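Please read the structure below before turning to the comments.
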Amino acid sequence: MARLVMKFGGTSVAGMDRIRNAARHVKREVDAGAQVAVVVSAMAGKTDELVALCRDASPHFDRREYDSVVASGEQVTAGLLAIALQSIGVAARSWQGWQIPILTTQTPGAARISGIDGERIVANLVARNEVAVIAGFQGLSKGTGRVTTLGRGGSDTSAVAVAAAIKADRCDIYTDVDGIYTTDPRVVPKARRLDRVAYEEMLEMASLGAKVMQVRSVELAMLKKVKTVVRSSFENPDSPRSGTLICDEEDIVEQQVVTGIAFSRDEAQITLRRVADRPGVAAAIFSPLAEAGINVDMIVQVASDDTVTTDITFTVGSGDFDRAKAILEKTKAQIGYAALQGAGGVAKVSAIGIGMRSHSGVAAIAFQALSEKGINIRAITTSEIKISVLIDTAYTELAVRTLHAIYGLDEA
Ligand code: ASP
Ligand code: MG
């Protein structure tokens, strides 16, 4: 008997009609004989609304109370979906994070799952033959005994963690798109849906701007080898299409050199000029940023020729730009640099593919193509399976289209 986790995102449960539609997807699987655990998000927009209420209550709100407020969105959809299932003849019961329990670390607003009692969920699925509808995004801190939440987009991680805990055959992530595309189809109409994508590639795509799944959920799927499928809840529940399977690279037969082009327009570039070239300087720059929770990417240090000073460039999300600059200005004396230059309005465009490991010249093709379009590259970073370039935001679409075409990803 197949055992499945079905996760429904915010747009898939936004209102009773969509919840009823989600219930029909669940009924299809139950009728086919599967044991099903469902994980739900809050209705689209709900969490934002709850976050705004906390801010309104006090700009310096207590994060533990934030957790108890924002966790409520998922409680509502779990209960409503259980009712919708019951009303079409499917036995179902809702479960909140603390009832399972989904144990987490204690950091409010950004807790991590530390353990799920899968046996207990399974006992319920099997003994009662009941669909378990689990509220995503929330858990219980063992240390404090309080409700916690996992960070925005965290119900994807709840779903993958539940799938791993109950040893599900598959974790289906139902969303408003029918899979993972070679790039955003709104930018490149010729983008294609991928049948399969490797965990590593999906991880890069999610980290580099494709917003379909929370990055942490992909990490977890890769670690626990959870077969994960991204698919649309908007298709007819009686004749759904297959979506994109995220799987081991060995399970991908026809491997392309480049699988997808990801981009993020909300980047800012910071350059520190004439930084003292001595041990400990990089730590002096990046530790305070890390402590402030600022994510840094594309770090490039210029090889110094005078061995006295060097230049260091990196990117941060544009939302962190001002904070990052303020921190660096405050620590200027400790770091010791001559000037700080910042530029907003930059975008990161990346080509991703595990096939790059075994092909040479992949980067050169990108640089040539971008130069032919007159696109200036501000910084470059590469890894085994990706090339990222930093460019002016105005050229984002042109760059994405150019790379999509040059790597043969345009639909035939
Ligand atoms: N409702 C939460 C959020 O909006 C969790 C989720 O949807 O994954 O971030
Ligand atoms: Mg989501």
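The way I read the labels, and the way they are meant: chains A, B, ... in the order of the structure tokens, residue 1 as the first residue of every chain, and ligand 1 as the first ligand shown, with later ones counted on from there.
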Please provide the set of residues having any atom within 8 Å of region 400-405 of chain A, restricted to only C-alpha atoms, with same-chain residues fewer than 5 positions apart removed, written as a CSV table (one decimal) with N, CA, C and O atoms, in the first residue's frame.
```
chain,number,residue,atom,x,y,z
A,182,THR,N,12.4,25.3,-16.5
A,182,THR,CA,13.8,25.6,-16.8
A,182,THR,C,14.1,27.1,-16.4
A,182,THR,O,15.3,27.4,-16.1
A,183,THR,N,13.1,27.9,-16.4
A,183,THR,CA,13.2,29.3,-15.7
A,183,THR,C,11.8,29.8,-15.6
A,183,THR,O,10.9,29.1,-15.9
A,187,VAL,N,9.1,35.2,-17.7
A,187,VAL,CA,10.3,35.9,-18.3
A,187,VAL,C,10.6,35.3,-19.6
A,187,VAL,O,10.9,36.0,-20.6
A,188,VAL,N,10.6,34.0,-19.6
A,188,VAL,CA,10.9,33.3,-20.9
A,188,VAL,C,9.7,32.4,-21.2
A,188,VAL,O,9.5,31.3,-20.7
A,191,ALA,N,10.1,28.7,-21.7
A,191,ALA,CA,10.5,27.8,-20.6
A,191,ALA,C,9.8,26.5,-20.6
A,191,ALA,O,8.6,26.5,-20.9
A,260,GLY,N,18.7,24.6,-15.7
A,260,GLY,CA,17.8,25.7,-15.5
A,260,GLY,C,18.6,27.0,-15.3
A,260,GLY,O,19.8,27.0,-15.0
A,261,ILE,N,17.8,28.1,-15.4
A,261,ILE,CA,18.4,29.5,-15.2
A,261,ILE,C,17.6,30.1,-14.1
A,261,ILE,O,16.4,30.3,-14.2
A,262,ALA,N,18.3,30.4,-13.0
A,262,ALA,CA,17.6,31.1,-11.9
A,262,ALA,C,18.0,32.5,-11.8
A,262,ALA,O,19.1,32.9,-12.3
A,263,PHE,N,17.2,33.4,-11.2
A,263,PHE,CA,17.6,34.8,-11.1
A,263,PHE,C,17.0,35.4,-9.9
A,263,PHE,O,15.9,34.9,-9.4
A,349,VAL,N,22.1,36.3,-11.9
A,349,VAL,CA,21.5,35.4,-12.8
A,349,VAL,C,22.4,34.1,-12.8
A,349,VAL,O,23.7,34.3,-12.9
A,351,ALA,N,23.2,30.0,-14.0
A,351,ALA,CA,22.9,28.8,-14.8
A,351,ALA,C,23.3,27.6,-13.9
A,351,ALA,O,24.3,27.6,-13.3
A,366,ALA,N,28.6,31.3,-21.6
A,366,ALA,CA,27.7,32.3,-21.0
A,366,ALA,C,28.4,33.7,-21.2
A,366,ALA,O,27.7,34.6,-21.6
A,369,ALA,N,28.1,34.9,-24.7
A,369,ALA,CA,26.7,35.3,-25.1
A,369,ALA,C,26.3,36.6,-24.5
A,369,ALA,O,25.7,37.5,-25.1
A,370,LEU,N,26.6,36.8,-23.2
A,370,LEU,CA,26.3,38.0,-22.5
A,370,LEU,C,27.0,39.2,-23.1
A,370,LEU,O,26.4,40.3,-23.3
A,410,ASP,N,15.4,26.4,-24.7
A,410,ASP,CA,14.1,26.9,-25.3
A,410,ASP,C,13.3,25.7,-25.8
A,410,ASP,O,13.9,24.8,-26.3
```
Using only C-alpha atoms and all ligand atoms, what table do you get, as CSV, when you list each residue of chain A with an atom no more than 6 Å from ligand 1, its nearest pair of atoms, and their distance in Å rounded to one decimal, rows by chain then rising number?
```
residue,atom,partner,partner_atom_place_in_ligand_line,distance
A:Gly9,CA,ligand 1,7 (O),5.8
A:Gly10,CA,ligand 1,7 (O),5.5
A:Ser41,CA,ligand 1,7 (O),4.3
A:Ala42,CA,ligand 1,1 (N),4.6
A:Thr47,CA,ligand 1,4 (O),4.9
A:Phe137,CA,ligand 1,5 (C),5.0
A:Arg152,CA,ligand 1,9 (O),3.3
A:Gly153,CA,ligand 1,8 (O),3.2
A:Gly154,CA,ligand 1,8 (O),4.3
A:Ser155,CA,ligand 1,8 (O),3.7
A:Asp156,CA,ligand 1,8 (O),5.6
```
Could the residues in this selection be written to a file with all heavy atoms, as a CSV table (one decimal), in the first residue's frame?
```csv
chain,number,residue,atom,x,y,z
A,9,GLY,N,-0.2,24.2,-0.5
A,9,GLY,CA,0.3,25.6,-0.2
A,9,GLY,C,-0.8,26.6,-0.1
A,9,GLY,O,-2.0,26.3,-0.3
A,10,GLY,N,-0.4,27.8,0.2
A,10,GLY,CA,-1.4,28.9,0.5
A,10,GLY,C,-2.4,29.1,-0.6
A,10,GLY,O,-3.6,29.3,-0.3
A,41,SER,N,-0.7,24.7,4.4
A,41,SER,CA,-0.3,26.0,4.7
A,41,SER,C,-1.5,26.8,5.2
A,41,SER,O,-2.6,26.3,5.1
A,41,SER,CB,0.2,26.8,3.5
A,41,SER,OG,1.5,26.3,3.0
A,42,ALA,N,-1.3,28.0,5.6
A,42,ALA,CA,-2.4,29.0,5.9
A,42,ALA,C,-2.9,29.5,4.5
A,42,ALA,O,-2.2,29.3,3.5
A,42,ALA,CB,-1.9,30.1,6.7
A,47,THR,N,-0.8,34.6,6.6
A,47,THR,CA,0.4,34.8,7.4
A,47,THR,C,0.9,36.3,7.4
A,47,THR,O,1.2,36.8,8.4
A,47,THR,CB,1.5,33.8,7.1
A,47,THR,OG1,0.9,32.5,7.0
A,47,THR,CG2,2.6,33.8,8.1
A,137,PHE,N,4.2,24.3,9.2
A,137,PHE,CA,4.8,25.6,9.6
A,137,PHE,C,5.0,25.7,11.2
A,137,PHE,O,5.7,26.5,11.7
A,137,PHE,CB,3.9,26.8,9.1
A,137,PHE,CG,4.3,28.2,9.4
A,137,PHE,CD1,5.6,28.6,9.1
A,137,PHE,CD2,3.4,29.1,9.9
A,137,PHE,CE1,6.0,29.9,9.4
A,137,PHE,CE2,3.8,30.4,10.2
A,137,PHE,CZ,5.1,30.8,9.9
A,152,ARG,N,9.3,31.7,7.3
A,152,ARG,CA,8.4,31.8,6.2
A,152,ARG,C,8.6,30.7,5.2
A,152,ARG,O,9.7,30.3,4.9
A,152,ARG,CB,8.5,33.2,5.6
A,152,ARG,CG,8.1,34.3,6.6
A,152,ARG,CD,6.8,34.2,7.2
A,152,ARG,NE,5.7,34.0,6.3
A,152,ARG,CZ,5.0,35.0,5.7
A,152,ARG,NH1,5.3,36.3,6.1
A,152,ARG,NH2,4.0,34.8,4.9
A,153,GLY,N,7.5,30.2,4.7
A,153,GLY,CA,7.6,29.1,3.7
A,153,GLY,C,7.8,27.8,4.4
A,153,GLY,O,8.0,26.7,3.7
A,154,GLY,N,7.7,27.7,5.7
A,154,GLY,CA,8.2,26.5,6.4
A,154,GLY,C,7.3,25.3,6.3
A,154,GLY,O,7.7,24.2,6.7
A,155,SER,N,6.1,25.4,5.8
A,155,SER,CA,5.2,24.3,5.7
A,155,SER,C,5.8,23.2,4.7
A,155,SER,O,5.5,22.1,4.8
A,155,SER,CB,3.8,24.6,5.4
A,155,SER,OG,3.7,25.4,4.3
A,156,ASP,N,6.6,23.7,3.7
A,156,ASP,CA,7.2,22.7,2.8
A,156,ASP,C,8.1,21.8,3.6
A,156,ASP,O,8.2,20.6,3.4
A,156,ASP,CB,8.1,23.5,1.8
A,156,ASP,CG,7.3,24.3,0.8
A,156,ASP,OD1,6.2,23.9,0.5
A,156,ASP,OD2,7.9,25.3,0.3
```
*What lies within 9 Å of Thr396 (chain A) using only C-alpha atoms, ignoring chain neighbours under 6 positions off, as a PyMOL selection string?*
chain A and resi 263-265+346-349
Please tabulate, as a Markdown table, the residues of chain A that come within 12 Å of ligand 2, each with its closest pair of atoms and the distance in Å to one decimal, counting only C-alpha atoms and all ligand atoms and ordering rows by chain, then residue number upward.
```
| residue | atom | partner | partner_atom_place_in_ligand_line | distance |
| --- | --- | --- | --- | --- |
| A:Lys7 | CA | ligand 2 | 1 (Mg) | 9.9 |
| A:Phe8 | CA | ligand 2 | 1 (Mg) | 8.8 |
| A:Gly9 | CA | ligand 2 | 1 (Mg) | 5.5 |
| A:Gly10 | CA | ligand 2 | 1 (Mg) | 6.7 |
| A:Thr11 | CA | ligand 2 | 1 (Mg) | 8.8 |
| A:Ser12 | CA | ligand 2 | 1 (Mg) | 10.2 |
| A:Val13 | CA | ligand 2 | 1 (Mg) | 11.6 |
| A:Val39 | CA | ligand 2 | 1 (Mg) | 11.7 |
| A:Val40 | CA | ligand 2 | 1 (Mg) | 10.0 |
| A:Ser41 | CA | ligand 2 | 1 (Mg) | 7.5 |
| A:Ala42 | CA | ligand 2 | 1 (Mg) | 9.6 |
| A:Met43 | CA | ligand 2 | 1 (Mg) | 10.7 |
| A:Ala44 | CA | ligand 2 | 1 (Mg) | 9.2 |
| A:Gly45 | CA | ligand 2 | 1 (Mg) | 11.1 |
| A:Thr47 | CA | ligand 2 | 1 (Mg) | 11.1 |
| A:Gly136 | CA | ligand 2 | 1 (Mg) | 10.4 |
| A:Phe137 | CA | ligand 2 | 1 (Mg) | 9.9 |
| A:Gly151 | CA | ligand 2 | 1 (Mg) | 10.8 |
| A:Arg152 | CA | ligand 2 | 1 (Mg) | 7.8 |
| A:Gly153 | CA | ligand 2 | 1 (Mg) | 4.4 |
| A:Gly154 | CA | ligand 2 | 1 (Mg) | 7.2 |
| A:Ser155 | CA | ligand 2 | 1 (Mg) | 6.8 |
| A:Asp156 | CA | ligand 2 | 1 (Mg) | 6.4 |
| A:Thr157 | CA | ligand 2 | 1 (Mg) | 9.5 |
| A:Ser158 | CA | ligand 2 | 1 (Mg) | 11.0 |
| A:Ala159 | CA | ligand 2 | 1 (Mg) | 11.0 |
| A:Ile173 | CA | ligand 2 | 1 (Mg) | 9.3 |
| A:Tyr174 | CA | ligand 2 | 1 (Mg) | 9.7 |
| A:Thr175 | CA | ligand 2 | 1 (Mg) | 7.9 |
| A:Asp176 | CA | ligand 2 | 1 (Mg) | 9.9 |
| A:Val177 | CA | ligand 2 | 1 (Mg) | 11.5 |
| A:Ala206 | CA | ligand 2 | 1 (Mg) | 11.5 |
| A:Ala210 | CA | ligand 2 | 1 (Mg) | 11.4 |
| A:Lys211 | CA | ligand 2 | 1 (Mg) | 7.8 |
| A:Val212 | CA | ligand 2 | 1 (Mg) | 6.5 |
| A:Met213 | CA | ligand 2 | 1 (Mg) | 5.9 |
| A:Gln214 | CA | ligand 2 | 1 (Mg) | 6.6 |
| A:Val215 | CA | ligand 2 | 1 (Mg) | 10.3 |
| A:Arg216 | CA | ligand 2 | 1 (Mg) | 11.6 |
| A:Ser217 | CA | ligand 2 | 1 (Mg) | 10.3 |
| A:Val230 | CA | ligand 2 | 1 (Mg) | 11.3 |
```
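Here CA of Met205 (chain A) is placed at a distance of 19.6 Å from CA of Tyr395 (chain A).
Restricting the calculation to only C-alpha atoms, the smallest distance between Ile246 (chain A) and any of A:Lys46, A:Arg323, A:Arg170, A:Arg274 is found for A:Arg170.
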*Out of A:Ala163, A:Asn124, A:Ala71, A:Ala339, which residue has the shortest atom-to-atom distance to Val5 (chain A) when counting only C-alpha atoms?*
A:Ala163
*asked:* Just list as a ChimeraX atom specification whatever in region 134-190 of chain A DSSP marks as helix (DSSP H, G or I).
replied: /A:155-165
*Residue list (strand (DSSP E or B), DSSP) for region 235-365 of chain A, as a VMD selection string*: chain A and resid 244 to 247 260 to 276 296 to 301 309 to 317 339 to 352
*Grab the CA of Leu194 (chain A) to CA of Lys224 (chain A) distance for me, in Å with one decimal place.*
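Rounded to one decimal, the two atoms are 22.1 Å apart.
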*asked:* Can you tell me which residues surround Ile285 (chain A) at a distance of at most 9 Å, considering only C-alpha atoms, apart from same-chain residues fewer than 3 positions away, and format the answer as a count of residues only?
replied: 10
*Taking only C-alpha atoms into account, which of A:Ile134, A:Val300, A:Ala379, A:Ala276 comes nearest Ala338 (chain A)?*
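Using only C-alpha atoms, the shortest distance to Ala338 (chain A) belongs to A:Ala276.
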*Find the residues near Gly143 (chain A): any atom within 9 Å, counting only C-alpha atoms, skip ones fewer than 3 places away on the same chain, and give them as an NGL selection string.*
:A and (104-106 or 140 or 146)
*Mind checking which residues fall within 10 Å of region 111-117 of chain A, counting only C-alpha atoms, ignoring those fewer than 3 positions away in the same chain, and posting them as an MDAnalysis selection string?*
chainID A and resid 67 97 100:108 120:122 137:142 147:151 154 157:158 161:162 164:166 216
Include C-alpha atoms and write out the residues we just selected as a PDB file, in the first residue's frame.
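Output contents, as saved in selection_33.pdb:
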```
ATOM      1  CA  ASP A  67       4.657  32.347  17.040  1.00  0.00           C
ATOM      2  CA  GLY A  97       2.075  20.639  15.446  1.00  0.00           C
ATOM      3  CA  ILE A 100       1.803  15.108  16.843  1.00  0.00           C
ATOM      4  CA  PRO A 101       4.181  16.440  18.261  1.00  0.00           C
ATOM      5  CA  ILE A 102       6.484  17.996  15.705  1.00  0.00           C
ATOM      6  CA  LEU A 103       9.345  18.852  18.020  1.00  0.00           C
ATOM      7  CA  THR A 104      11.508  21.835  17.196  1.00  0.00           C
ATOM      8  CA  THR A 105      14.366  23.894  18.539  1.00  0.00           C
ATOM      9  CA  GLN A 106      13.286  26.847  20.604  1.00  0.00           C
ATOM     10  CA  THR A 107      14.189  29.846  18.409  1.00  0.00           C
ATOM     11  CA  PRO A 108      10.894  31.671  18.000  1.00  0.00           C
ATOM     12  CA  ARG A 120       2.473   7.627  16.158  1.00  0.00           C
ATOM     13  CA  ILE A 121       1.251   9.192  12.907  1.00  0.00           C
ATOM     14  CA  VAL A 122       1.474   5.840  11.183  1.00  0.00           C
ATOM     15  CA  PHE A 137       4.788  25.612   9.649  1.00  0.00           C
ATOM     16  CA  GLN A 138       4.311  25.015  13.383  1.00  0.00           C
ATOM     17  CA  GLY A 139       5.770  22.814  16.059  1.00  0.00           C
ATOM     18  CA  LEU A 140       6.459  22.493  19.738  1.00  0.00           C
ATOM     19  CA  SER A 141       9.682  23.458  21.440  1.00  0.00           C
ATOM     20  CA  LYS A 142      10.648  20.704  23.808  1.00  0.00           C
ATOM     21  CA  VAL A 147       4.311  26.588  20.091  1.00  0.00           C
ATOM     22  CA  THR A 148       6.974  27.570  17.565  1.00  0.00           C
ATOM     23  CA  THR A 149       7.007  28.373  13.847  1.00  0.00           C
ATOM     24  CA  LEU A 150       9.591  27.401  11.269  1.00  0.00           C
ATOM     25  CA  GLY A 151      10.203  30.593   9.310  1.00  0.00           C
ATOM     26  CA  GLY A 154       8.164  26.517   6.437  1.00  0.00           C
ATOM     27  CA  THR A 157       9.751  21.672   5.417  1.00  0.00           C
ATOM     28  CA  SER A 158       6.978  20.315   7.648  1.00  0.00           C
ATOM     29  CA  ALA A 161       9.926  16.095   7.517  1.00  0.00           C
ATOM     30  CA  VAL A 162       6.629  14.261   7.985  1.00  0.00           C
ATOM     31  CA  ALA A 164      10.710  11.232   6.141  1.00  0.00           C
ATOM     32  CA  ALA A 165       9.275  10.383   9.570  1.00  0.00           C
ATOM     33  CA  ILE A 166       6.522   8.116   8.234  1.00  0.00           C
ATOM     34  CA  ARG A 216      15.442  24.096   3.883  1.00  0.00           C
TER      35      ARG A 216
END
```
*Selection: 9 Å around region 49-52 of chain A, only C-alpha atoms, excl. self and same-chain fewer than 2 positions, as a PyMOL selection string*: chain A and resi 45-47+54-57+66+69-70+72-73
With N, CA and C atoms retained, could you export that selection as a tab-separated table (two decimals), in the first residue's frame?
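In the end it all went to part.tsv:
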```tsv
chain	number	residue	atom	x	y	z
A	45	GLY	N	-1.86	34.82	1.91
A	45	GLY	CA	-2.01	36.17	2.46
A	45	GLY	C	-2.26	36.20	3.96
A	46	LYS	N	-2.69	35.07	4.51
A	46	LYS	CA	-3.07	35.04	5.93
A	46	LYS	C	-1.88	35.32	6.84
A	47	THR	N	-0.77	34.64	6.55
A	47	THR	CA	0.39	34.81	7.44
A	47	THR	C	0.88	36.26	7.40
A	54	CYS	N	0.91	41.65	14.42
A	54	CYS	CA	1.93	41.65	15.48
A	54	CYS	C	2.68	42.97	15.49
A	55	ARG	N	3.06	43.43	14.29
A	55	ARG	CA	3.81	44.69	14.20
A	55	ARG	C	2.97	45.85	14.70
A	56	ASP	N	1.68	45.77	14.39
A	56	ASP	CA	0.77	46.81	14.82
A	56	ASP	C	0.65	46.80	16.35
A	57	ALA	N	0.61	45.59	16.90
A	57	ALA	CA	0.49	45.48	18.37
A	57	ALA	C	1.68	46.12	19.06
A	66	TYR	N	4.52	36.16	18.77
A	66	TYR	CA	4.41	36.13	17.30
A	66	TYR	C	4.12	34.70	16.86
A	69	VAL	N	0.61	33.70	17.42
A	69	VAL	CA	-0.32	34.39	16.50
A	69	VAL	C	-0.24	33.78	15.10
A	70	VAL	N	0.99	33.69	14.53
A	70	VAL	CA	1.08	33.27	13.12
A	70	VAL	C	0.79	31.78	12.94
A	72	SER	N	-1.62	30.32	13.96
A	72	SER	CA	-3.08	30.11	13.88
A	72	SER	C	-3.57	29.91	12.46
A	73	GLY	N	-2.88	30.48	11.48
A	73	GLY	CA	-3.34	30.37	10.09
A	73	GLY	C	-3.44	28.92	9.64
```
